[in-house]
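*Asks:* One file is attached below, query.txt, containing compact mmCIF, C-alpha atoms.
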```
# COMPACT_ATOMS: atom_id res chain seq x y z
CA MET C 1 -82.24 -108.57 43.41
CA PRO C 2 -80.82 -106.92 40.30
CA ALA C 3 -77.12 -106.23 40.23
CA PRO C 4 -76.14 -102.64 41.04
CA LEU C 5 -75.42 -100.37 38.13
CA ARG C 6 -71.75 -99.84 37.32
CA SER C 7 -70.15 -96.54 36.48
CA ALA C 8 -69.19 -95.96 32.84
CA ASP C 9 -66.30 -93.77 33.96
CA PRO C 10 -63.13 -95.44 32.61
CA ASP C 11 -61.15 -94.11 35.57
CA ARG C 12 -63.41 -95.98 38.03
CA PRO C 13 -64.34 -99.24 36.28
CA GLY C 14 -66.83 -101.44 38.06
CA LYS C 15 -67.53 -99.04 40.89
CA PRO C 16 -71.17 -99.34 42.02
CA VAL C 17 -73.40 -96.25 41.84
CA PRO C 18 -76.75 -95.84 43.61
CA ASN C 19 -79.06 -95.34 40.61
CA ALA C 20 -79.29 -94.74 36.88
CA VAL C 21 -79.19 -90.94 37.19
CA LEU C 22 -75.93 -90.93 39.15
CA ALA C 23 -74.48 -93.61 36.88
CA THR C 24 -75.16 -91.46 33.83
CA LEU C 25 -73.84 -88.30 35.49
CA ALA C 26 -70.68 -90.24 36.37
CA VAL C 27 -69.75 -90.29 32.66
CA PRO C 28 -67.32 -87.35 32.29
CA ASN C 29 -68.16 -86.54 28.67
CA PHE C 30 -71.90 -86.43 29.30
CA ARG C 31 -71.46 -84.45 32.52
CA ARG C 32 -69.42 -81.76 30.76
CA TYR C 33 -71.93 -81.65 27.93
CA LEU C 34 -74.94 -81.42 30.25
CA LEU C 35 -73.54 -78.65 32.47
CA GLY C 36 -72.46 -76.60 29.47
CA GLN C 37 -75.85 -76.96 27.80
CA LEU C 38 -77.70 -76.06 30.99
CA THR C 39 -75.69 -72.86 31.45
CA SER C 40 -76.08 -71.83 27.82
CA ASN C 41 -79.78 -72.67 27.64
CA ILE C 42 -80.57 -70.62 30.73
CA GLY C 43 -78.89 -67.66 29.05
CA THR C 44 -80.80 -68.31 25.83
CA TRP C 45 -84.18 -68.27 27.54
CA MET C 46 -83.14 -65.18 29.50
CA GLN C 47 -82.55 -63.47 26.17
CA ARG C 48 -85.90 -64.55 24.75
CA ALA C 49 -87.77 -63.12 27.72
CA ALA C 50 -85.75 -59.89 27.71
CA GLN C 51 -86.25 -59.64 23.95
CA ASP C 52 -90.04 -59.69 24.41
CA LEU C 53 -89.84 -56.98 27.08
CA LEU C 54 -87.57 -54.92 24.83
CA VAL C 55 -90.03 -55.15 21.93
CA LEU C 56 -92.93 -54.21 24.20
CA HIS C 57 -90.94 -51.16 25.32
CA ILE C 58 -90.01 -50.13 21.77
CA THR C 59 -93.53 -50.56 20.34
CA GLY C 60 -95.66 -49.35 23.24
CA ASN C 61 -96.91 -52.78 24.39
CA SER C 62 -97.80 -54.27 20.99
CA GLY C 63 -98.65 -57.96 21.30
CA GLY C 64 -98.55 -58.24 17.52
CA ALA C 65 -94.94 -57.03 17.40
CA VAL C 66 -93.93 -59.55 20.05
CA GLY C 67 -95.65 -62.25 18.03
CA ILE C 68 -93.72 -61.22 14.91
CA VAL C 69 -90.30 -61.28 16.59
CA THR C 70 -91.10 -64.66 18.11
CA ALA C 71 -92.20 -65.94 14.70
CA LEU C 72 -89.00 -64.67 13.07
CA GLN C 73 -86.91 -66.43 15.70
CA PHE C 74 -88.64 -69.76 15.08
CA LEU C 75 -89.24 -69.41 11.31
CA PRO C 76 -85.76 -70.80 10.46
CA GLN C 77 -86.77 -74.01 12.21
CA THR C 78 -89.45 -74.40 9.55
CA LEU C 79 -87.13 -73.41 6.72
CA PHE C 80 -83.87 -75.10 7.71
CA GLY C 81 -84.72 -77.59 10.48
CA LEU C 82 -84.66 -80.64 8.22
CA THR C 83 -81.35 -79.50 6.76
CA GLY C 84 -79.99 -79.40 10.30
CA GLY C 85 -80.95 -83.04 10.73
CA VAL C 86 -79.17 -84.03 7.51
CA LEU C 87 -76.02 -82.18 8.64
CA ALA C 88 -76.19 -83.87 12.06
CA ASP C 89 -76.16 -87.31 10.44
CA ARG C 90 -73.43 -86.54 7.87
CA PHE C 91 -70.83 -84.52 9.82
CA PRO C 92 -69.15 -84.88 13.23
CA LYS C 93 -71.69 -83.52 15.69
CA ARG C 94 -69.18 -81.95 18.06
CA ARG C 95 -67.63 -79.79 15.30
CA LEU C 96 -71.07 -78.77 14.11
CA LEU C 97 -72.06 -77.77 17.65
CA LEU C 98 -68.91 -75.71 18.13
CA LEU C 99 -69.81 -73.68 15.03
CA THR C 100 -73.47 -73.18 15.87
CA GLN C 101 -72.88 -72.28 19.53
CA ALA C 102 -70.20 -69.75 18.57
CA ALA C 103 -72.57 -68.17 16.05
CA MET C 104 -75.34 -67.87 18.64
CA GLY C 105 -72.95 -66.29 21.11
CA ALA C 106 -71.91 -63.69 18.52
CA GLN C 107 -75.58 -62.84 17.86
CA SER C 108 -76.25 -62.27 21.56
CA LEU C 109 -73.15 -60.12 21.93
CA LEU C 110 -74.21 -57.88 19.02
CA LEU C 111 -77.75 -57.46 20.34
CA GLY C 112 -76.41 -56.62 23.79
CA LEU C 113 -74.01 -54.00 22.46
CA LEU C 114 -76.74 -52.39 20.36
CA THR C 115 -79.06 -52.24 23.37
CA VAL C 116 -76.65 -50.87 25.98
CA THR C 117 -75.44 -48.19 23.54
CA GLY C 118 -78.99 -47.13 22.71
CA SER C 119 -78.64 -48.04 19.01
CA VAL C 120 -81.21 -50.85 18.98
CA ASN C 121 -84.41 -50.56 16.96
CA LEU C 122 -87.24 -52.89 16.02
CA LEU C 123 -85.72 -53.82 12.65
CA SER C 124 -82.42 -54.85 14.23
CA VAL C 125 -84.24 -56.99 16.80
CA TYR C 126 -86.15 -58.69 13.98
CA ALA C 127 -82.99 -59.38 11.98
CA LEU C 128 -81.00 -60.73 14.93
CA ALA C 129 -83.91 -62.91 16.06
CA PHE C 130 -83.96 -64.51 12.61
CA ALA C 131 -80.17 -65.00 12.75
CA LEU C 132 -80.41 -66.71 16.14
CA GLY C 133 -83.19 -68.95 14.88
CA THR C 134 -81.10 -69.99 11.86
CA ALA C 135 -78.22 -71.16 14.06
CA THR C 136 -80.64 -72.90 16.40
CA ALA C 137 -82.26 -74.81 13.52
CA VAL C 138 -78.91 -76.40 12.67
CA ASP C 139 -77.88 -76.81 16.31
CA GLY C 140 -80.97 -78.57 17.70
CA PRO C 141 -80.88 -81.94 15.91
CA ALA C 142 -77.11 -82.33 16.38
CA ARG C 143 -77.30 -81.33 20.04
CA ASN C 144 -79.93 -83.93 20.88
CA ALA C 145 -78.64 -86.74 18.66
CA TYR C 146 -75.12 -86.27 20.11
CA ILE C 147 -76.30 -87.70 23.42
CA GLY C 148 -76.20 -91.24 22.04
CA GLU C 149 -72.48 -90.86 21.36
CA LEU C 150 -71.61 -89.75 24.89
CA VAL C 151 -72.96 -92.60 27.04
CA ALA C 152 -73.20 -96.37 26.97
CA ARG C 153 -76.15 -98.00 25.25
CA GLU C 154 -77.94 -98.91 28.47
CA GLN C 155 -77.70 -95.30 29.68
CA VAL C 156 -79.30 -93.63 26.66
CA ALA C 157 -82.81 -93.52 28.16
CA THR C 158 -81.62 -91.82 31.35
CA ALA C 159 -79.37 -89.44 29.39
CA VAL C 160 -82.30 -88.43 27.19
CA SER C 161 -84.42 -87.70 30.27
CA LEU C 162 -81.65 -85.67 31.91
CA ASN C 163 -81.05 -83.67 28.74
CA SER C 164 -84.76 -83.01 28.35
CA ALA C 165 -84.90 -81.97 31.99
CA GLN C 166 -82.05 -79.48 31.69
CA PHE C 167 -83.55 -77.96 28.54
CA ASN C 168 -86.94 -77.50 30.13
CA VAL C 169 -85.50 -76.27 33.42
CA ALA C 170 -83.57 -73.66 31.43
CA ARG C 171 -86.71 -72.83 29.47
CA ILE C 172 -88.54 -71.88 32.64
CA LEU C 173 -85.71 -70.60 34.84
CA GLY C 174 -84.31 -68.28 32.15
CA PRO C 175 -87.34 -65.98 31.87
CA ALA C 176 -87.62 -65.82 35.67
CA VAL C 177 -84.01 -64.67 36.04
CA ALA C 178 -84.43 -62.34 33.08
CA GLY C 179 -87.40 -60.59 34.62
CA LEU C 180 -85.49 -59.86 37.82
CA THR C 181 -82.37 -58.80 35.91
CA VAL C 182 -84.30 -56.47 33.62
CA ALA C 183 -85.96 -54.86 36.64
CA ALA C 184 -82.56 -54.16 38.17
CA PHE C 185 -80.30 -53.42 35.18
CA GLY C 186 -82.38 -53.24 31.99
CA THR C 187 -82.51 -55.52 28.96
CA GLY C 188 -79.03 -54.89 27.52
CA PRO C 189 -77.06 -56.66 30.27
CA VAL C 190 -79.28 -59.73 29.88
CA PHE C 191 -78.13 -60.15 26.27
CA LEU C 192 -74.48 -59.74 27.32
CA VAL C 193 -74.91 -62.36 30.04
CA ASN C 194 -76.33 -64.73 27.47
CA ALA C 195 -73.32 -64.14 25.20
CA ALA C 196 -71.02 -65.03 28.08
CA SER C 197 -73.02 -68.18 28.86
CA TYR C 198 -71.98 -69.72 25.53
CA LEU C 199 -68.42 -69.94 26.85
CA ALA C 200 -69.61 -72.71 29.17
CA VAL C 201 -70.96 -74.93 26.42
CA LEU C 202 -67.96 -74.23 24.18
CA TYR C 203 -65.63 -75.21 27.01
CA GLY C 204 -67.62 -78.39 27.62
CA LEU C 205 -67.48 -79.37 23.94
CA VAL C 206 -63.75 -78.65 23.64
CA THR C 207 -62.90 -80.71 26.73
CA ILE C 208 -64.96 -83.76 25.72
CA ARG C 209 -62.56 -86.64 25.11
CA ALA C 210 -63.16 -87.44 21.46
CA ASP C 211 -61.26 -90.72 21.75
CA GLU C 212 -63.99 -92.18 23.99
CA PRO C 213 -67.14 -92.33 21.85
CA ALA C 214 -69.82 -94.74 22.95
CA GLY C 215 -69.60 -96.27 19.48
CA HIS C 216 -73.31 -96.77 18.87
CA GLY C 217 -75.71 -94.70 16.85
CA ARG C 218 -73.24 -94.09 14.03
CA PRO C 219 -74.68 -93.81 10.53
CA PRO C 220 -74.18 -96.77 8.21
CA ALA C 221 -72.12 -96.53 5.05
CA GLU C 222 -75.14 -95.93 2.81
CA ARG C 223 -77.06 -92.67 3.01
CA THR C 224 -80.67 -92.59 4.05
CA ARG C 225 -82.76 -90.20 2.01
CA LEU C 226 -84.91 -87.65 3.81
CA ARG C 227 -88.09 -89.17 2.42
CA ASP C 228 -87.02 -92.49 3.98
CA VAL C 229 -87.01 -90.75 7.37
CA PHE C 230 -90.57 -89.52 6.83
CA ARG C 231 -91.55 -93.04 5.81
CA HIS C 232 -89.94 -94.37 9.00
CA ILE C 233 -91.93 -91.90 11.11
CA ALA C 234 -95.18 -92.51 9.24
CA SER C 235 -94.89 -96.27 9.69
CA THR C 236 -94.15 -96.05 13.43
CA PRO C 237 -97.16 -94.97 15.54
CA GLU C 238 -94.88 -94.67 18.58
CA LEU C 239 -93.12 -91.83 16.73
CA LEU C 240 -96.20 -90.30 15.16
CA LEU C 241 -97.97 -89.77 18.48
CA PRO C 242 -95.28 -87.71 20.31
CA ILE C 243 -94.41 -85.78 17.15
CA GLY C 244 -98.08 -85.06 16.49
CA VAL C 245 -98.71 -83.99 20.09
CA VAL C 246 -95.76 -81.58 20.19
CA ALA C 247 -96.94 -80.13 16.86
CA PHE C 248 -100.15 -78.91 18.52
CA VAL C 249 -98.71 -78.14 21.96
CA GLY C 250 -95.63 -76.40 20.53
CA THR C 251 -97.66 -74.28 18.12
CA PHE C 252 -100.41 -73.20 20.51
CA GLY C 253 -99.68 -74.19 24.10
CA LEU C 254 -96.00 -73.44 24.72
CA ASN C 255 -95.95 -69.70 24.01
CA PHE C 256 -95.52 -68.76 27.67
CA GLN C 257 -92.62 -66.40 26.97
CA LEU C 258 -95.22 -64.41 25.03
CA THR C 259 -98.41 -64.95 27.03
CA ILE C 260 -96.93 -64.35 30.48
CA SER C 261 -95.40 -61.04 29.39
CA LEU C 262 -98.72 -59.98 27.81
CA VAL C 263 -100.75 -60.92 30.90
CA ALA C 264 -98.28 -59.21 33.24
CA VAL C 265 -98.25 -55.95 31.26
CA THR C 266 -101.76 -55.67 29.80
CA VAL C 267 -103.94 -57.44 32.40
CA PHE C 268 -102.23 -56.80 35.72
CA HIS C 269 -100.42 -53.61 34.59
CA SER C 270 -97.23 -54.71 36.33
CA GLY C 271 -93.56 -54.23 35.56
CA ALA C 272 -90.55 -56.43 34.94
CA ALA C 273 -90.26 -57.52 38.58
CA ALA C 274 -93.83 -58.85 38.69
CA PHE C 275 -93.21 -60.53 35.33
CA GLY C 276 -90.15 -62.19 36.85
CA CYS C 277 -92.22 -63.50 39.78
CA LEU C 278 -94.75 -65.05 37.39
CA CYS C 279 -91.95 -66.75 35.49
CA ALA C 280 -90.45 -67.90 38.78
CA ALA C 281 -93.73 -69.59 39.72
CA TYR C 282 -93.82 -71.33 36.35
CA ALA C 283 -90.16 -72.24 36.88
CA LEU C 284 -90.83 -73.78 40.28
CA GLY C 285 -93.42 -76.16 38.88
CA GLY C 286 -91.25 -76.97 35.88
CA LEU C 287 -88.21 -77.64 38.04
CA VAL C 288 -90.13 -80.15 40.13
CA GLY C 289 -91.50 -81.75 36.97
CA ALA C 290 -88.05 -82.03 35.41
CA LEU C 291 -86.53 -83.60 38.52
CA CYS C 292 -89.38 -86.07 38.81
CA GLY C 293 -88.98 -87.03 35.15
CA ALA C 294 -85.23 -87.60 35.47
CA SER C 295 -85.49 -89.65 38.66
CA ARG C 296 -88.56 -91.71 37.72
CA GLY C 297 -86.41 -94.56 36.44
CA LYS C 298 -89.17 -95.90 34.17
CA ALA C 299 -89.36 -95.85 30.39
CA PRO C 300 -91.74 -93.17 29.03
CA THR C 301 -95.11 -94.37 27.74
CA SER C 302 -97.71 -93.01 25.35
CA ARG C 303 -100.29 -93.17 28.14
CA ARG C 304 -98.21 -90.82 30.28
CA LEU C 305 -97.84 -88.41 27.36
CA ILE C 306 -101.59 -88.32 26.68
CA ALA C 307 -102.50 -87.80 30.34
CA ALA C 308 -99.87 -85.09 30.85
CA THR C 309 -101.02 -83.22 27.72
CA VAL C 310 -104.67 -83.22 28.82
CA VAL C 311 -103.72 -81.97 32.29
CA PHE C 312 -101.43 -79.30 30.85
CA GLY C 313 -104.11 -77.99 28.47
CA ALA C 314 -106.71 -77.86 31.23
CA LEU C 315 -104.36 -75.96 33.54
CA GLU C 316 -103.36 -73.49 30.83
CA ALA C 317 -107.00 -72.76 29.99
CA ALA C 318 -107.83 -72.37 33.67
CA SER C 319 -104.93 -69.94 34.17
CA GLY C 320 -106.53 -67.61 31.63
CA LEU C 321 -109.65 -67.45 33.82
CA MET C 322 -107.88 -66.58 37.07
CA PRO C 323 -109.31 -63.34 38.49
CA GLY C 324 -106.20 -61.90 40.10
CA TYR C 325 -102.43 -61.77 39.98
CA GLY C 326 -102.00 -64.05 42.99
CA THR C 327 -104.26 -66.84 41.75
CA PHE C 328 -102.70 -66.63 38.29
CA MET C 329 -99.22 -66.98 39.76
CA VAL C 330 -100.21 -69.95 41.94
CA LEU C 331 -101.75 -71.84 39.03
CA LEU C 332 -98.60 -71.36 36.97
CA ILE C 333 -96.81 -73.79 39.31
CA PRO C 334 -98.74 -76.96 38.33
CA THR C 335 -98.92 -75.65 34.75
CA GLY C 336 -95.11 -75.58 34.59
CA PHE C 337 -94.96 -79.10 36.06
CA ALA C 338 -97.33 -80.43 33.40
CA ALA C 339 -95.59 -78.58 30.54
CA VAL C 340 -92.21 -80.09 31.36
CA THR C 341 -93.75 -83.54 31.75
CA VAL C 342 -95.24 -83.26 28.26
CA THR C 343 -92.05 -82.13 26.52
CA THR C 344 -89.74 -84.48 28.41
CA THR C 345 -91.93 -87.50 27.72
CA ALA C 346 -92.39 -86.62 24.04
CA ASN C 347 -88.67 -86.02 23.54
CA ALA C 348 -87.69 -89.31 25.18
CA LEU C 349 -90.32 -91.30 23.28
CA THR C 350 -89.09 -89.86 19.98
CA GLN C 351 -85.43 -90.66 20.63
CA LEU C 352 -86.11 -94.13 21.99
CA HIS C 353 -88.25 -95.22 19.04
CA ALA C 354 -86.08 -93.71 16.27
CA ASP C 355 -83.61 -95.94 14.47
CA ALA C 356 -80.11 -94.92 15.49
CA HIS C 357 -78.73 -94.19 12.01
CA VAL C 358 -81.47 -91.62 11.29
CA ARG C 359 -81.89 -90.21 14.79
CA GLY C 360 -80.52 -86.80 13.81
CA ARG C 361 -83.08 -86.43 11.03
CA VAL C 362 -85.92 -87.78 13.17
CA MET C 363 -85.03 -85.20 15.83
CA SER C 364 -84.99 -82.50 13.16
CA VAL C 365 -88.59 -83.41 12.35
CA TYR C 366 -89.41 -83.35 16.07
CA PHE C 367 -87.98 -79.85 16.45
CA LEU C 368 -89.58 -78.77 13.20
CA VAL C 369 -93.03 -79.40 14.67
CA LEU C 370 -92.13 -78.32 18.23
CA LEU C 371 -90.51 -75.01 17.30
CA GLY C 372 -91.40 -74.62 13.64
CA GLY C 373 -95.09 -74.14 14.46
CA THR C 374 -94.30 -71.05 16.51
CA PRO C 375 -94.21 -68.74 13.44
CA VAL C 376 -97.88 -69.67 13.03
CA GLY C 377 -98.90 -69.91 16.68
CA ALA C 378 -97.13 -66.84 18.08
CA PRO C 379 -98.74 -64.29 15.71
CA LEU C 380 -102.14 -65.93 16.30
CA VAL C 381 -101.64 -65.68 20.05
CA GLY C 382 -100.58 -62.04 19.69
CA LEU C 383 -103.56 -61.29 17.45
CA ALA C 384 -105.98 -62.99 19.85
CA SER C 385 -104.49 -60.97 22.69
CA ASP C 386 -104.85 -57.69 20.81
CA THR C 387 -108.42 -58.52 19.74
CA PHE C 388 -109.96 -60.35 22.70
CA GLY C 389 -107.47 -59.79 25.51
CA ALA C 390 -104.47 -61.72 26.81
CA ARG C 391 -106.65 -64.11 28.83
CA SER C 392 -108.37 -65.44 25.71
CA SER C 393 -105.05 -66.52 24.19
CA LEU C 394 -104.38 -68.76 27.20
CA VAL C 395 -107.85 -70.31 27.14
CA LEU C 396 -107.71 -71.03 23.41
CA ALA C 397 -104.21 -72.51 23.59
CA GLY C 398 -105.16 -74.70 26.54
CA VAL C 399 -108.27 -76.10 24.84
CA VAL C 400 -106.34 -76.97 21.67
CA SER C 401 -103.57 -78.67 23.66
CA ALA C 402 -105.95 -80.66 25.87
CA PHE C 403 -107.89 -82.15 22.95
CA SER C 404 -104.88 -82.83 20.69
CA ALA C 405 -103.38 -85.85 22.47
CA PRO C 406 -106.51 -88.02 22.93
CA ALA C 407 -107.72 -87.16 19.43
CA LEU C 408 -104.40 -88.20 17.89
CA SER C 409 -104.32 -91.36 19.99
CA VAL C 410 -107.77 -92.41 18.78
CA LEU C 411 -106.86 -91.58 15.18
CA LEU C 412 -103.59 -93.53 15.22
CA THR C 413 -105.12 -96.47 17.10
CA GLY C 414 -107.84 -96.72 14.44
CA ARG C 415 -105.21 -96.54 11.72
CA THR C 416 -103.20 -99.34 13.35
CA ARG C 417 -106.25 -101.58 13.66
CA THR C 418 -107.13 -100.99 10.02
CA PHE C 419 -103.59 -101.93 9.01
CA ARG C 420 -103.79 -105.11 11.06
CA ARG C 421 -107.04 -106.15 9.42
CA ILE C 422 -105.57 -105.57 5.95
CA ALA C 423 -102.07 -106.94 6.51
CA GLY C 424 -102.95 -109.81 8.82
CA PRO C 425 -101.58 -110.82 12.24
CA ALA C 426 -98.08 -111.55 10.94
CA SER C 427 -97.53 -107.94 9.95
CA ALA C 428 -99.17 -106.35 12.98
CA THR C 429 -96.12 -105.52 15.00
CA CYS C 430 -97.25 -102.19 16.43
CA ALA C 431 -97.74 -102.07 20.17
CA PRO C 432 -100.85 -100.33 21.58
CA LEU C 433 -100.42 -96.58 21.71
CA THR C 434 -101.56 -96.38 25.31
CA GLY C 435 -99.74 -99.45 26.59
CA ASP C 436 -97.60 -99.50 29.68
CA ARG C 437 -94.38 -100.63 28.04
CA GLY C 438 -91.98 -97.94 26.85
CA THR C 439 -90.10 -100.10 24.34
CA PRO C 440 -92.50 -101.74 21.89
CA ALA C 441 -91.50 -104.16 19.17
CA THR C 442 -91.45 -101.42 16.55
CA ALA C 443 -88.75 -99.39 18.26
CA GLY C 444 -86.13 -100.79 15.91
CA PRO C 445 -83.45 -103.44 16.17
CA ALA C 446 -82.38 -104.47 19.65
CA ARG C 447 -78.96 -102.90 19.17
CA ASP C 448 -80.62 -99.48 18.73
CA ARG C 449 -82.66 -99.64 21.93
CA PRO C 450 -81.46 -98.96 25.47
CA ALA C 451 -81.31 -102.07 27.61
CA GLU C 452 -84.22 -102.34 30.01
CA GLY C 453 -83.21 -101.79 33.62
```
Now that the file is in, can you turn its structure into structure tokens?
*Replies:*
Amino acid sequence: MPAPLRSADPDRPGKPVPNAVLATLAVPNFRRYLLGQLTSNIGTWMQRAAQDLLVLHITGNSGGAVGIVTALQFLPQTLFGLTGGVLADRFPKRRLLLLTQAAMGAQSLLLGLLTVTGSVNLLSVYALAFALGTATAVDGPARNAYIGELVAREQVATAVSLNSAQFNVARILGPAVAGLTVAAFGTGPVFLVNAASYLAVLYGLVTIRADEPAGHGRPPAERTRLRDVFRHIASTPELLLPIGVVAFVGTFGLNFQLTISLVAVTVFHSGAAAFGCLCAAYALGGLVGALCGASRGKAPTSRRLIAATVVFGALEAASGLMPGYGTFMVLLIPTGFAAVTVTTTANALTQLHADAHVRGRVMSVYFLVLLGGTPVGAPLVGLASDTFGARSSLVLAGVVSAFSAPALSVLLTGRTRTFRRIAGPASATCAPLTGDRGTPATAGPARDRPAEG
């Protein structure tokens, strides 16, 4: 039998813990970081949902206007996301996060004050959405790459899964809570609650013991150029597949903060409370999916990513065909489960197969395609909703998502086989894209990979 895992807590050296999840949560620095991020991210997604409802109220239920504000919020990811990755690899990540989180909190506070005083207008919402997106573009790569500095090397895989789980749980719980809060108090208080939620993550970052870094994943003395990062991704199929999948799914499939609000208002003619119930159903499925992903205890595989993406796309398309409010709400439960499985698996695969000294920049590319495609996808979804109805936007997004993963897998597998024929067996180090092992030979040097449990 394998030896029991030992806690990385320096105050309790050598104390056995039941499993990898509890062992990772026993690390004080990571625990503070995770709880702070969870609290803040729930508030962030509350604001995004309330922001959509606010725009619908201001514009008289314009799906196009909602698409524009969503695009403005994610446009900075396209413009500045790669710069955020460079900053994450060149400056202390904790200091960078303190600045970005404080800036996002100030944005939320200003939007809340404008709303509760009745001074808000569509132009101010647009401007503040762009400001929030700018801070997020710098924050995202540093926030995710910082994980490797908080835990021991053998705990990185579990920490990545837990961080992905909390982000996706917040992504689906936030809109649900926002819908209920808006129904009771209006949109303004939601923005003020989000501003207050940043105090949790700031407290967590301040109280992290900076004298206890894990010591791995630090950049080497020489600088890696940005084009070298793209070359690293292009030469690693295990990175190309998850990044390619999230490019399609993020652009077209994961616009639920937009599509659910449009379906609730324009198809079922319901209010904020009914919108909150729909988000709660999506949250229930996503919560189960996140917990299953964190407790699975197995390395993520490309096969799991492909299967989850196909299932997610099929469920999203089917939800657009549901005849009534009840059936639509029920189908959102497995849809949320599949969505979280896709994003958690893709995020973990990307971090595990990225070389440690460029992980910040690799994650900036990941977020560029995950969030940076929204300025294209959100207006298209809004336009499809205005032209053909809200249901059509779900069907189209689901079909694109379902076909993206297997198509990319076939394409990259063919490319790998061609490379092997040209380069010969000695150079063919790429593992099969649909294999069962989560740590192929191309994942980088052994010191950069989590130890297999």
*Asks:* Using all atoms listed in the file, which protein or nucleic acid residues come within 6 Å of Thr134 (chain C)? Drop anything in the same chain fewer than 3 positions from it, and give the result as a list in words.
*Replies:*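 Once the adjacent positions are removed, what remains is Pro76, Ala131 and Ala137 of chain C.
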*Asks:* List the spatial neighbours of Val376 (chain C) as JSON, numbers by chain - criterion: any atom at most 9 Å away, all atoms listed in the file, same-chain residues fewer than 2 positions off excluded.
*Replies:* {"C": [71, 75, 251, 252, 372, 373, 374, 378, 379, 380, 381]}
*Asks:* Quick one: of C:Val311, C:Val69, C:Ala317, C:Leu240, who's nearest to Leu349 (chain C), counting all atoms listed in the file?
*Replies:*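 Checking each of C:Val311, C:Val69, C:Ala317, C:Leu240 against Leu349 (chain C), counting all atoms listed in the file, the winner is C:Leu240.
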*Asks:* Hey, can you check how far CA of Leu132 (chain C) sits from CA of Met104 (chain C)?
*Replies:* 5.8 Å
*Asks:* Could you state the separation of CA of Ala346 (chain C) and CA of Ala283 (chain C) in Å, given to one decimal place?
*Replies:*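 Atom-to-atom, CA of Ala346 (chain C) to CA of Ala283 (chain C), that is 19.4 Å.
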*Asks:* List the neighbours of Ala280 (chain C) out to 12 Å using only C-alpha atoms; skip same-chain residues closer than 6 positions along the sequence, and give me the result as a VMD selection string.
*Replies:* chain C and resid 169 to 180 260 273 to 274 286 to 287 329 to 333 336
*Asks:* What does the distance from CA of Ala145 (chain C) to CA of Leu254 (chain C) come to in Å, to one decimal?
*Replies:*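 Between CA of Ala145 (chain C) and CA of Leu254 (chain C) the gap is 22.7 Å.
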*Asks:* Between C:Arg209, C:Arg227, C:Arg143, C:Arg304, which residue has the minimum interatomic distance to Gly36 (chain C), considering only C-alpha atoms?
*Replies:*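 Of C:Arg209, C:Arg227, C:Arg143, C:Arg304, the one nearest Gly36 (chain C), counting only C-alpha atoms, is C:Arg143.
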